[in-house]
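Engineer: Structure file input27.cif, mmCIF, C-alpha atoms; chains and numbers go by the auth columns, is pasted below:
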```
data_final
#
loop_
_atom_site.group_PDB
_atom_site.id
_atom_site.type_symbol
_atom_site.label_atom_id
_atom_site.label_comp_id
_atom_site.label_asym_id
_atom_site.label_seq_id
_atom_site.Cartn_x
_atom_site.Cartn_y
_atom_site.Cartn_z
_atom_site.B_iso_or_equiv
_atom_site.auth_seq_id
_atom_site.auth_asym_id
ATOM 1 C CA MET A 1 144.430 166.258 60.048 0.00 57 A
ATOM 2 C CA ASP A 2 147.843 167.907 60.486 0.00 58 A
ATOM 3 C CA GLU A 3 151.089 166.014 59.811 0.00 59 A
ATOM 4 C CA LYS A 4 151.797 165.181 63.462 0.00 60 A
ATOM 5 C CA GLU A 5 148.307 163.693 63.820 0.00 61 A
ATOM 6 C CA ARG A 6 148.838 161.652 60.638 0.00 62 A
ATOM 7 C CA ILE A 7 152.131 160.335 62.056 0.00 63 A
ATOM 8 C CA LYS A 8 150.463 159.469 65.379 0.00 64 A
ATOM 9 C CA GLN A 9 147.821 157.524 63.418 0.00 65 A
ATOM 10 C CA VAL A 10 150.518 155.550 61.569 0.00 66 A
ATOM 11 C CA ILE A 11 152.207 154.697 64.879 0.00 67 A
ATOM 12 C CA SER A 12 148.876 153.702 66.416 0.00 68 A
ATOM 13 C CA ASP A 13 148.091 151.504 63.390 0.00 69 A
ATOM 14 C CA PHE A 14 151.554 149.910 63.648 0.00 70 A
ATOM 15 C CA VAL A 15 150.986 148.936 67.283 0.00 71 A
ATOM 16 C CA LYS A 16 147.375 147.870 66.645 0.00 72 A
ATOM 17 C CA GLY A 17 148.486 145.796 63.635 0.00 73 A
ATOM 18 C CA GLY A 18 150.988 143.945 65.816 0.00 74 A
ATOM 19 C CA ASP A 19 148.529 143.476 68.661 0.00 75 A
ATOM 20 C CA ASN A 20 145.894 142.015 66.328 0.00 76 A
ATOM 21 C CA SER A 21 148.289 140.181 63.963 0.00 77 A
ATOM 22 C CA ASP A 22 146.796 142.330 61.174 0.00 78 A
ATOM 23 C CA VAL A 23 149.268 141.910 58.309 0.00 79 A
ATOM 24 C CA ALA A 24 147.145 144.034 55.926 0.00 80 A
ATOM 25 C CA LEU A 25 147.188 147.011 58.304 0.00 81 A
ATOM 26 C CA LEU A 26 150.928 146.604 58.901 0.00 82 A
ATOM 27 C CA ASN A 27 151.615 146.356 55.182 0.00 83 A
ATOM 28 C CA LYS A 28 149.822 149.682 54.745 0.00 84 A
ATOM 29 C CA VAL A 29 151.933 151.584 57.306 0.00 85 A
ATOM 30 C CA LEU A 30 155.335 149.972 56.707 0.00 86 A
ATOM 31 C CA HIS A 31 157.640 151.337 53.998 0.00 87 A
ATOM 32 C CA LYS A 32 158.706 148.803 51.351 0.00 88 A
ATOM 33 C CA ASP A 33 162.247 148.976 52.794 0.00 89 A
ATOM 34 C CA PHE A 34 161.099 148.660 56.440 0.00 90 A
ATOM 35 C CA ARG A 35 163.534 147.087 58.897 0.00 91 A
ATOM 36 C CA VAL A 36 163.392 146.075 62.544 0.00 92 A
ATOM 37 C CA THR A 37 166.783 146.531 64.194 0.00 93 A
ATOM 38 C CA ASN A 38 167.406 144.951 67.564 0.00 94 A
ATOM 39 C CA ASN A 39 170.454 144.311 69.721 0.00 95 A
ATOM 40 C CA GLY A 40 170.098 141.145 71.799 0.00 96 A
ATOM 41 C CA PHE A 41 167.035 139.968 69.876 0.00 97 A
ATOM 42 C CA MET A 42 165.095 137.305 71.815 0.00 98 A
ATOM 43 C CA GLY A 43 168.117 136.581 73.987 0.00 99 A
ATOM 44 C CA THR A 44 170.639 136.298 71.139 0.00 100 A
ATOM 45 C CA PHE A 45 173.976 138.105 71.047 0.00 101 A
ATOM 46 C CA GLY A 46 174.564 141.027 68.694 0.00 102 A
ATOM 47 C CA VAL A 47 172.524 143.049 66.241 0.00 103 A
ATOM 48 C CA LYS A 48 169.674 141.418 64.318 0.00 104 A
ATOM 49 C CA ILE A 49 167.993 143.088 61.334 0.00 105 A
ATOM 50 C CA ILE A 50 164.630 141.827 60.096 0.00 106 A
ATOM 51 C CA ASP A 51 163.249 143.042 56.756 0.00 107 A
ATOM 52 C CA LYS A 52 159.592 143.761 56.040 0.00 108 A
ATOM 53 C CA ASN A 53 158.816 140.360 54.492 0.00 109 A
ATOM 54 C CA GLU A 54 160.341 138.423 57.395 0.00 110 A
ATOM 55 C CA TYR A 55 158.611 140.706 59.909 0.00 111 A
ATOM 56 C CA LEU A 56 155.181 140.204 58.308 0.00 112 A
ATOM 57 C CA LYS A 57 155.723 136.420 58.104 0.00 113 A
ATOM 58 C CA ASN A 58 156.575 136.400 61.822 0.00 114 A
ATOM 59 C CA ILE A 59 153.414 138.383 62.602 0.00 115 A
ATOM 60 C CA GLU A 60 151.288 136.086 60.434 0.00 116 A
ATOM 61 C CA SER A 61 152.714 132.907 62.007 0.00 117 A
ATOM 62 C CA GLY A 62 152.401 134.212 65.580 0.00 118 A
ATOM 63 C CA VAL A 63 156.127 134.501 66.343 0.00 119 A
ATOM 64 C CA PHE A 64 155.585 138.247 66.998 0.00 120 A
ATOM 65 C CA GLY A 65 152.490 140.086 68.093 0.00 121 A
ATOM 66 C CA GLY A 66 149.081 138.882 69.105 0.00 122 A
ATOM 67 C CA LEU A 67 149.096 140.431 72.584 0.00 123 A
ATOM 68 C CA PRO A 68 147.294 143.649 73.489 0.00 124 A
ATOM 69 C CA ARG A 69 149.665 146.450 74.473 0.00 125 A
ATOM 70 C CA LYS A 70 149.445 149.924 75.956 0.00 126 A
ATOM 71 C CA MET A 71 151.252 152.574 73.952 0.00 127 A
ATOM 72 C CA LYS A 72 152.509 156.026 74.872 0.00 128 A
ATOM 73 C CA ILE A 73 154.222 158.368 72.429 0.00 129 A
ATOM 74 C CA GLU A 74 157.006 159.983 74.452 0.00 130 A
ATOM 75 C CA GLU A 75 158.568 162.083 71.686 0.00 131 A
ATOM 76 C CA LEU A 76 157.603 163.043 68.162 0.00 132 A
ATOM 77 C CA ASP A 77 160.074 165.094 66.144 0.00 133 A
ATOM 78 C CA LEU A 78 158.997 166.212 62.671 0.00 134 A
ATOM 79 C CA CYS A 79 161.345 167.808 60.149 0.00 135 A
ATOM 80 C CA GLY A 80 159.821 168.249 56.699 0.00 136 A
ATOM 81 C CA ILE A 81 159.328 164.805 55.175 0.00 137 A
ATOM 82 C CA ILE A 82 160.989 162.786 57.949 0.00 138 A
ATOM 83 C CA ALA A 83 159.995 162.125 61.534 0.00 139 A
ATOM 84 C CA SER A 84 161.249 160.299 64.587 0.00 140 A
ATOM 85 C CA VAL A 85 158.954 158.816 67.211 0.00 141 A
ATOM 86 C CA LYS A 86 159.922 157.365 70.586 0.00 142 A
ATOM 87 C CA LEU A 87 157.332 154.982 72.021 0.00 143 A
ATOM 88 C CA ARG A 88 156.908 153.243 75.325 0.00 144 A
ATOM 89 C CA ILE A 89 154.895 150.050 74.899 0.00 145 A
ATOM 90 C CA GLU A 90 153.785 147.595 77.549 0.00 146 A
ATOM 91 C CA SER A 91 152.272 144.121 77.197 0.00 147 A
ATOM 92 C CA SER A 92 151.573 141.468 79.798 0.00 148 A
ATOM 93 C CA GLU A 93 154.963 139.884 78.953 0.00 149 A
ATOM 94 C CA ASN A 94 157.316 142.709 77.911 0.00 150 A
ATOM 95 C CA ASP A 95 158.151 146.381 78.218 0.00 151 A
ATOM 96 C CA PHE A 96 159.401 148.037 75.026 0.00 152 A
ATOM 97 C CA ILE A 97 161.150 151.257 74.161 0.00 153 A
ATOM 98 C CA SER A 98 160.790 151.733 70.436 0.00 154 A
ATOM 99 C CA TYR A 99 162.462 154.353 68.238 0.00 155 A
ATOM 100 C CA ASN A 100 160.804 154.700 64.835 0.00 156 A
ATOM 101 C CA SER A 101 162.042 156.474 61.713 0.00 157 A
ATOM 102 C CA ILE A 102 159.146 157.598 59.547 0.00 158 A
ATOM 103 C CA VAL A 103 159.155 159.070 56.046 0.00 159 A
ATOM 104 C CA LEU A 104 156.578 160.762 53.851 0.00 160 A
ATOM 105 C CA ASP A 105 156.503 158.323 50.936 0.00 161 A
ATOM 106 C CA THR A 106 155.939 159.082 47.256 0.00 162 A
ATOM 107 C CA ASP A 107 152.203 158.324 47.691 0.00 163 A
ATOM 108 C CA ASN A 108 151.997 161.188 50.252 0.00 164 A
ATOM 109 C CA GLU A 109 151.470 158.689 53.080 0.00 165 A
ATOM 110 C CA TRP A 110 153.657 158.475 56.189 0.00 166 A
ATOM 111 C CA LYS A 111 155.401 155.093 56.400 0.00 167 A
ATOM 112 C CA ILE A 112 157.592 153.522 59.063 0.00 168 A
ATOM 113 C CA LEU A 113 161.056 152.899 57.650 0.00 169 A
ATOM 114 C CA ASN A 114 162.870 151.582 60.725 0.00 170 A
ATOM 115 C CA ASN A 115 161.920 150.272 64.141 0.00 171 A
ATOM 116 C CA LEU A 116 164.758 150.148 66.671 0.00 172 A
ATOM 117 C CA ALA A 117 163.486 148.451 69.799 0.00 173 A
ATOM 118 C CA VAL A 118 164.674 147.487 73.234 0.00 174 A
ATOM 119 C CA VAL A 119 162.559 144.677 74.664 0.00 175 A
ATOM 120 C CA ASN A 120 162.693 143.930 78.377 0.00 176 A
ATOM 121 C CA PRO A 121 160.859 140.785 79.497 0.00 177 A
ATOM 122 C CA LYS A 122 158.823 141.237 82.646 0.00 178 A
ATOM 123 C CA LYS A 123 159.924 139.201 85.605 0.00 179 A
ATOM 124 C CA PHE A 124 157.234 136.997 87.061 0.00 180 A
ATOM 125 C CA GLU A 125 157.118 135.735 90.630 0.00 181 A
ATOM 126 C CA LYS A 126 157.078 131.954 90.952 0.00 182 A
#
```
Let me see whether you can do it: turn the structure in this file into structure tokens.
Structural biologist:
Amino acid sequence: MDEKERIKQVISDFVKGGDNSDVALLNKVLHKDFRVTNNGFMGTFGVKIIDKNEYLKNIESGVFGGLPRKMKIEELDLCGIIASVKLRIESSENDFISYNSIVLDTDNEWKILNNLAVVNPKKFEK
């Protein structure tokens, strides 16, 4: 498998881990210094940064994740041992644009270092 395919697999596992609340799978693909960065997180004002431990706790407790989503990789830029991936993700409740910074870690595995996401709730007719 070439490096771009390995990166696509990491991204796919990241989305699948969230969809299935699979903390073990997420722990495998997230760098030890992983961060989620969001502006306007869940309706709040300003920038919110969530570290790996808090993110995994939120997945495990059902605050995040647990809904199936469709994923499309819109851009993948690889430069040596770093990569950037832009994703479009859709669930029944939200549309996401997600920018991911990925690094080739010391164990020769690609790991997601940062997830910068814009989450737009879907509007439902009443």
Engineer: In Å to one decimal, how far is atom CA of Lys126 of chain A from atom CA of His87 of chain A?
Structural biologist: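 Here the two named atoms are 23.5 Å from each other.
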Engineer: Suppose a student applies the PyMOL selection byres ((chain A and resi 119-125) around 9) to this structure; what residues should they get, written as a ChimeraX atom specification?
Structural biologist: /A:71-78,111-118,126-127,145-149
Engineer: Please produce an output containing C-alpha atoms for each residue in the selection, written as a compact mmCIF listing (two decimals), in the frame of the given file.
Structural biologist:
```txt
# COMPACT_ATOMS: atom_id res chain seq x y z
CA VAL A 71 150.99 148.94 67.28
CA LYS A 72 147.38 147.87 66.64
CA GLY A 73 148.49 145.80 63.64
CA GLY A 74 150.99 143.94 65.82
CA ASP A 75 148.53 143.48 68.66
CA ASN A 76 145.89 142.01 66.33
CA SER A 77 148.29 140.18 63.96
CA ASP A 78 146.80 142.33 61.17
CA TYR A 111 158.61 140.71 59.91
CA LEU A 112 155.18 140.20 58.31
CA LYS A 113 155.72 136.42 58.10
CA ASN A 114 156.57 136.40 61.82
CA ILE A 115 153.41 138.38 62.60
CA GLU A 116 151.29 136.09 60.43
CA SER A 117 152.71 132.91 62.01
CA GLY A 118 152.40 134.21 65.58
CA LYS A 126 149.44 149.92 75.96
CA MET A 127 151.25 152.57 73.95
CA ILE A 145 154.90 150.05 74.90
CA GLU A 146 153.78 147.60 77.55
CA SER A 147 152.27 144.12 77.20
CA SER A 148 151.57 141.47 79.80
CA GLU A 149 154.96 139.88 78.95
```
Engineer: Of the candidates A:Leu86, A:Trp166, A:Asn171, A:Asn109, which shows the shortest atom-to-atom distance to Lys142 of chain A, using all atoms listed in the file?
Structural biologist: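 For Lys142 of chain A, the nearest of the given residues is A:Asn171.
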Engineer: Please evaluate the PyMOL selection byres ((chain A and resi 140) around 6) against the displayed coordinates and give the resulting residues as JSON, numbers by chain.
Structural biologist: {"A": [132, 133, 139, 141, 156, 157]}
Engineer: Which one is closest to Tyr155 of chain A: A:Val85, A:Ile67, A:Val103, A:Ile137? Count only C-alpha atoms.
Structural biologist: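 Closest to Tyr155 of chain A of all the choices is A:Ile67.
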